[in-house]
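What follows is one structure encoded as structure tokens, with my remarks underneath.
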Amino acid sequence: MINFQNRIIPPRLIQKVSAAQSEEEAYAADELVELGEEILSQLAVMGIAVYLQQANQKEVYNDFLISLFLSNGHAYNAGPLYRWAANMIKEAEGEDASLLYPLFWETKDGKEVLNEEIHHLASLRNSVMHGFFVLPPETNRLESKKMESILIQLEELKLFEKNWGNFHFLDQKGFNGNWNITDISAWKHFQNCNTFGNLAKRIAHEYSNDFVKEEREFAFQKIEPLQQVIQQVSSFIEEKKKGAFSIWYRPGDTNGVLAYQSVVQNLDPNKFIVVQYVLNEQGASFTSRFMETEIGKCLYEETNDEKYLKDVFKHYKNTRTKLTKQLVVVLHDAHIALFNPYHVLQLVNDLYELEIPLIATSWHYTYLNRFFNGSINLEAEGIIPSQVQLQKSLINFLRFKGPSIERKEELEAYQQLEEIAKKVTHVLSKEKKVIARRFADENNYPIEFVHECFSILQPFLNVEKEPFEKDEIDELYGFPIDIKESSRIFLTLGRRDVKLEYQHKVLSI
């Protein structure tokens, strides 16, 4: 590589270049991987900064950035970050977006594809891993030349001389290596960033003392408590002393809120330290990191021990026997932001090990069963969701799981799910029951899409199972007299001496 010391290159890049140059050519693969990832990170930073400062923003990208900024900082490799930034830049507006566009995209055979020269750096890590972390010297030499060419290109565009904004992941020398936000005040730098700015304002509010006060006022509104809920939750805490307890309720049913308020109001403050709040679709309240912060703040308020504000779970593990009260977490609407990789329910095992009971109200999705070892069902009769309710459940279920309505490559799959869900509700309004396999066959829908729609609709309806139609065997020929649903399975297996455990999935009112 040429000498970059006298060029305007960020110190982090200079450091990676120097490490690659100082290593023997035959063993420089690891250093080249780190340099390639730093180049991708620097470009991702520029792309994300430009995206944040222009108006054409999408929820799918904003959600990703919230997860990134609230992560532990090491959860995302440079390659995926470069690809996320590429998609943000693809539709971004302004001169800076136009300047960066060729560094992310190029046209081949009439199609937009990722810049092959730069995106190649993302695959280098896999090549090195598959090569037992060693590549032939000639390959290292070739990769080094490619990176040199890219760095010269970036410098000639004067990208390292630009001010990309005032964000926590940037300093005057470019990317500072920190994606995660550790100082809550950093959110204020996003407040003028269009729709993402609204999210930032919400998050800043959630971390404030005003949020704690508002949540407490809501939880302690005057109500007629649900005694059945109080009794079962009290028994769970008293007998189990740890674990997660769910309170299932139907969308639109006020019993969900009443159950949450009943639980909070019944926990004696002389016996329990209670962390309680309502999850919101916006902001950070549905994330595990937010829960950790709230637990730390609550324990600090109780003990005046500042160590709870730094590493709450580690310090709680060492000090919990000294506390005279039991810590309990109570959440309302735990189904919010389903499938987010950093969802609050991802902390269930940690809470269990620390013997911190978790009580949560929620719509009932099958996926959520894995998190709870106790429950009470407040679900009223099944209801056919309105179009507004259906859309809300679709968005919540697919928001972090996909497919997304905002990504062109996923739009067709999203639209098909929406079509199937609407068709299911239409059939339910007439027949009161829909059997997944038969519905899929009758309408020529992929069965996996139908099952996905059943999951989306589950909170509104009753979920059942129904055996396949059994056939009758001709005594003389040993073959089914009429081909029924079970016949195809038995014929495929080539035997009939097995128990047919697979059953239809059924939704009913």
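Residues are referred to by chain and number: the chain letter is A, B, ... according to the order shown in the structure tokens, the number counts from 1 in that chain, and ligands are numbered separately from 1 in the order shown.
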
Backbone-only DSSP, helix (DSSP H, G or I) members of segment 4-250 of chain A, as a VMD selection string: chain A and resid 11 to 22 25 to 27 29 to 52 59 to 69 78 to 90 95 to 104 116 to 130 137 to 156 159 to 161 184 to 190 194 to 206 209 to 219 227 to 240

Using DSSP assignments from the backbone, pull out every residue in segment 66-244 of chain A that falls under strand (DSSP E) and give it to me as a list in words. Trp105, Glu106, Thr107, Lys108, Lys111, Glu112, Val113, Leu114, Leu170, Asp171, Gly174, Phe175 and Ala244 of chain A

Tell me which protein, DNA and RNA residues are within 9 Å of segment 320-336 of chain A, counting only C-alpha atoms, leaving out same-chain ones fewer than 2 positions away, and put them as a ChimeraX atom specification. /A:237,241,246,256-257,259-261,263-264,267,269-281,286,291,295,299,303,315-318,338,343-345,354-365,368,396-397

Save the residues we just selected, C-alpha atoms, as a PDB file, in the first residue's frame?
ATOM      1  CA  ILE A 237     -45.252 -14.756  43.317  1.00  0.00           C
ATOM      2  CA  LYS A 241     -40.891 -16.471  43.747  1.00  0.00           C
ATOM      3  CA  SER A 246     -48.832 -13.642  31.529  1.00  0.00           C
ATOM      4  CA  GLY A 256     -56.041  -5.732  29.929  1.00  0.00           C
ATOM      5  CA  VAL A 257     -55.508  -2.306  31.471  1.00  0.00           C
ATOM      6  CA  ALA A 259     -55.462  -6.332  35.097  1.00  0.00           C
ATOM      7  CA  TYR A 260     -52.237  -4.331  34.883  1.00  0.00           C
ATOM      8  CA  GLN A 261     -53.489  -1.668  37.296  1.00  0.00           C
ATOM      9  CA  VAL A 263     -51.554  -6.080  39.900  1.00  0.00           C
ATOM     10  CA  VAL A 264     -49.542  -2.897  40.497  1.00  0.00           C
ATOM     11  CA  LEU A 267     -48.252  -5.108  45.452  1.00  0.00           C
ATOM     12  CA  PRO A 269     -44.714  -1.214  48.783  1.00  0.00           C
ATOM     13  CA  ASN A 270     -43.503  -2.416  52.186  1.00  0.00           C
ATOM     14  CA  LYS A 271     -42.781  -5.853  50.727  1.00  0.00           C
ATOM     15  CA  PHE A 272     -42.018  -5.200  47.063  1.00  0.00           C
ATOM     16  CA  ILE A 273     -39.864  -2.945  44.916  1.00  0.00           C
ATOM     17  CA  VAL A 274     -42.061  -2.547  41.831  1.00  0.00           C
ATOM     18  CA  VAL A 275     -40.843  -1.568  38.365  1.00  0.00           C
ATOM     19  CA  GLN A 276     -43.903  -0.922  36.223  1.00  0.00           C
ATOM     20  CA  TYR A 277     -44.652   0.717  32.881  1.00  0.00           C
ATOM     21  CA  VAL A 278     -46.630   0.421  29.660  1.00  0.00           C
ATOM     22  CA  LEU A 279     -44.864  -0.561  26.442  1.00  0.00           C
ATOM     23  CA  ASN A 280     -45.293   1.901  23.580  1.00  0.00           C
ATOM     24  CA  GLU A 281     -44.980   1.287  19.829  1.00  0.00           C
ATOM     25  CA  PHE A 286     -40.118  -2.207  24.512  1.00  0.00           C
ATOM     26  CA  MET A 291     -35.954  -2.361  31.280  1.00  0.00           C
ATOM     27  CA  ILE A 295     -34.679  -1.525  37.203  1.00  0.00           C
ATOM     28  CA  LEU A 299     -33.043   0.058  42.929  1.00  0.00           C
ATOM     29  CA  THR A 303     -30.896   1.953  48.220  1.00  0.00           C
ATOM     30  CA  HIS A 315     -24.691  -5.788  41.165  1.00  0.00           C
ATOM     31  CA  TYR A 316     -28.164  -7.102  42.023  1.00  0.00           C
ATOM     32  CA  LYS A 317     -26.838 -10.673  41.916  1.00  0.00           C
ATOM     33  CA  ASN A 318     -24.236  -9.764  44.525  1.00  0.00           C
ATOM     34  CA  LEU A 338     -42.980  -8.482  18.707  1.00  0.00           C
ATOM     35  CA  HIS A 343     -37.308  -7.021  23.184  1.00  0.00           C
ATOM     36  CA  VAL A 344     -37.889  -6.875  26.948  1.00  0.00           C
ATOM     37  CA  LEU A 345     -38.945 -10.524  26.983  1.00  0.00           C
ATOM     38  CA  LEU A 354     -32.018 -13.468  39.558  1.00  0.00           C
ATOM     39  CA  GLU A 355     -35.387 -14.555  41.027  1.00  0.00           C
ATOM     40  CA  ILE A 356     -37.164 -11.429  39.804  1.00  0.00           C
ATOM     41  CA  PRO A 357     -40.819 -12.255  38.950  1.00  0.00           C
ATOM     42  CA  LEU A 358     -42.171 -10.724  35.719  1.00  0.00           C
ATOM     43  CA  ILE A 359     -45.903 -10.088  35.393  1.00  0.00           C
ATOM     44  CA  ALA A 360     -47.139  -8.988  31.954  1.00  0.00           C
ATOM     45  CA  THR A 361     -50.439  -8.319  30.226  1.00  0.00           C
ATOM     46  CA  SER A 362     -50.511  -9.102  26.525  1.00  0.00           C
ATOM     47  CA  TRP A 363     -52.448 -10.065  23.456  1.00  0.00           C
ATOM     48  CA  HIS A 364     -52.065 -13.807  23.045  1.00  0.00           C
ATOM     49  CA  TYR A 365     -49.695 -14.809  20.239  1.00  0.00           C
ATOM     50  CA  LEU A 368     -45.169 -15.594  23.371  1.00  0.00           C
ATOM     51  CA  ASN A 396     -46.974  -5.206  14.964  1.00  0.00           C
ATOM     52  CA  PHE A 397     -46.392  -8.842  13.955  1.00  0.00           C
TER      53      PHE A 397
END

Distance query segment 44-54 of chain A at most 7 Å, only C-alpha atoms, self and fewer than 4 positions along chain excluded, as a list of chain:residue names: A:Leu40, A:Leu81, A:Tyr82, A:Ala85, A:Met88, A:Ile89, A:Ala92, A:Glu93, A:Asp96, A:Ala97, A:Trp164, A:Gly165, A:Phe175, A:Cys193

What is the distance between atom CA of Arg399 of chain A and atom CA of Ser285 of chain A, in Å to one decimal? 15.8 Å

Excluding segment 180-185 of chain A and residues on its chain fewer than 2 positions from it, collect all residues at most 12 Å away from it, counting only C-alpha atoms, and give them as a count of residues only. 39

Would you mind listing what lies within 10 Å of Val229 of chain A as an MDAnalysis selection string, with only C-alpha atoms counted and same-chain residues fewer than 2 positions away left out? chainID A and resid 225:227 231:235 247 258:260 262:263 375:378

Residues from last step as file, N, CA and C atoms, as a short mmCIF file (atom, residue, chain, number, x, y, z; two decimals), in the first residue's frame:
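This is the output file part-v9.cif:
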data_model
loop_
_atom_site.label_atom_id
_atom_site.label_comp_id
_atom_site.auth_asym_id
_atom_site.auth_seq_id
_atom_site.Cartn_x
_atom_site.Cartn_y
_atom_site.Cartn_z
N PRO A 225 -60.78 -3.30 41.12
CA PRO A 225 -59.74 -4.29 40.81
C PRO A 225 -60.32 -5.66 40.43
N LEU A 226 -59.58 -6.36 39.60
CA LEU A 226 -59.95 -7.71 39.18
C LEU A 226 -59.40 -8.70 40.19
N GLN A 227 -60.26 -9.18 41.08
CA GLN A 227 -59.82 -10.02 42.20
C GLN A 227 -59.23 -11.35 41.71
N GLN A 231 -55.53 -12.60 42.85
CA GLN A 231 -55.33 -13.86 43.58
C GLN A 231 -54.31 -14.75 42.88
N GLN A 232 -54.45 -14.88 41.55
CA GLN A 232 -53.55 -15.79 40.84
C GLN A 232 -52.13 -15.24 40.77
N VAL A 233 -51.98 -13.93 40.58
CA VAL A 233 -50.65 -13.33 40.54
C VAL A 233 -50.00 -13.42 41.92
N SER A 234 -50.76 -13.15 42.97
CA SER A 234 -50.22 -13.24 44.33
C SER A 234 -49.75 -14.66 44.64
N SER A 235 -50.55 -15.64 44.24
CA SER A 235 -50.17 -17.05 44.46
C SER A 235 -48.91 -17.40 43.68
N ILE A 247 -50.89 -12.40 31.47
CA ILE A 247 -52.33 -12.17 31.57
C ILE A 247 -52.83 -11.88 30.16
N LEU A 258 -57.11 -2.98 33.18
CA LEU A 258 -57.56 -3.21 34.56
C LEU A 258 -56.70 -4.25 35.26
N ALA A 259 -56.31 -5.29 34.52
CA ALA A 259 -55.46 -6.33 35.10
C ALA A 259 -54.11 -5.76 35.50
N TYR A 260 -53.53 -4.96 34.60
CA TYR A 260 -52.24 -4.33 34.88
C TYR A 260 -52.32 -3.44 36.11
N SER A 262 -54.58 -3.49 38.47
CA SER A 262 -54.91 -4.30 39.66
C SER A 262 -53.66 -4.92 40.26
N VAL A 263 -52.78 -5.45 39.42
CA VAL A 263 -51.55 -6.08 39.90
C VAL A 263 -50.66 -5.06 40.59
N SER A 375 -49.91 -18.42 33.66
CA SER A 375 -50.79 -17.49 32.92
C SER A 375 -52.21 -17.55 33.44
N ILE A 376 -52.95 -16.50 33.10
CA ILE A 376 -54.39 -16.46 33.31
C ILE A 376 -55.01 -15.91 32.04
N ASN A 377 -56.13 -16.48 31.65
CA ASN A 377 -56.76 -16.11 30.39
C ASN A 377 -57.99 -15.25 30.63
N LEU A 378 -57.90 -13.98 30.25
CA LEU A 378 -59.05 -13.07 30.36
C LEU A 378 -59.74 -12.88 29.02
#

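Picture a line from atom CA of Leu43 of chain A to atom CA of Ser144 of chain A; it runs 18.1 Å.
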
Determine, counting only C-alpha atoms, which protein, DNA and RNA residues have an atom within 9 Å of an atom of Gln503 of chain A; residues of the same chain fewer than 3 positions away are not included. Present the result as a ChimeraX atom specification. /A:465-468,500

Could you tell me how far atom CA of Gln221 of chain A sits from atom CA of Glu301 of chain A, in Å to one decimal place?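 Those two atoms sit 22.6 Å apart.
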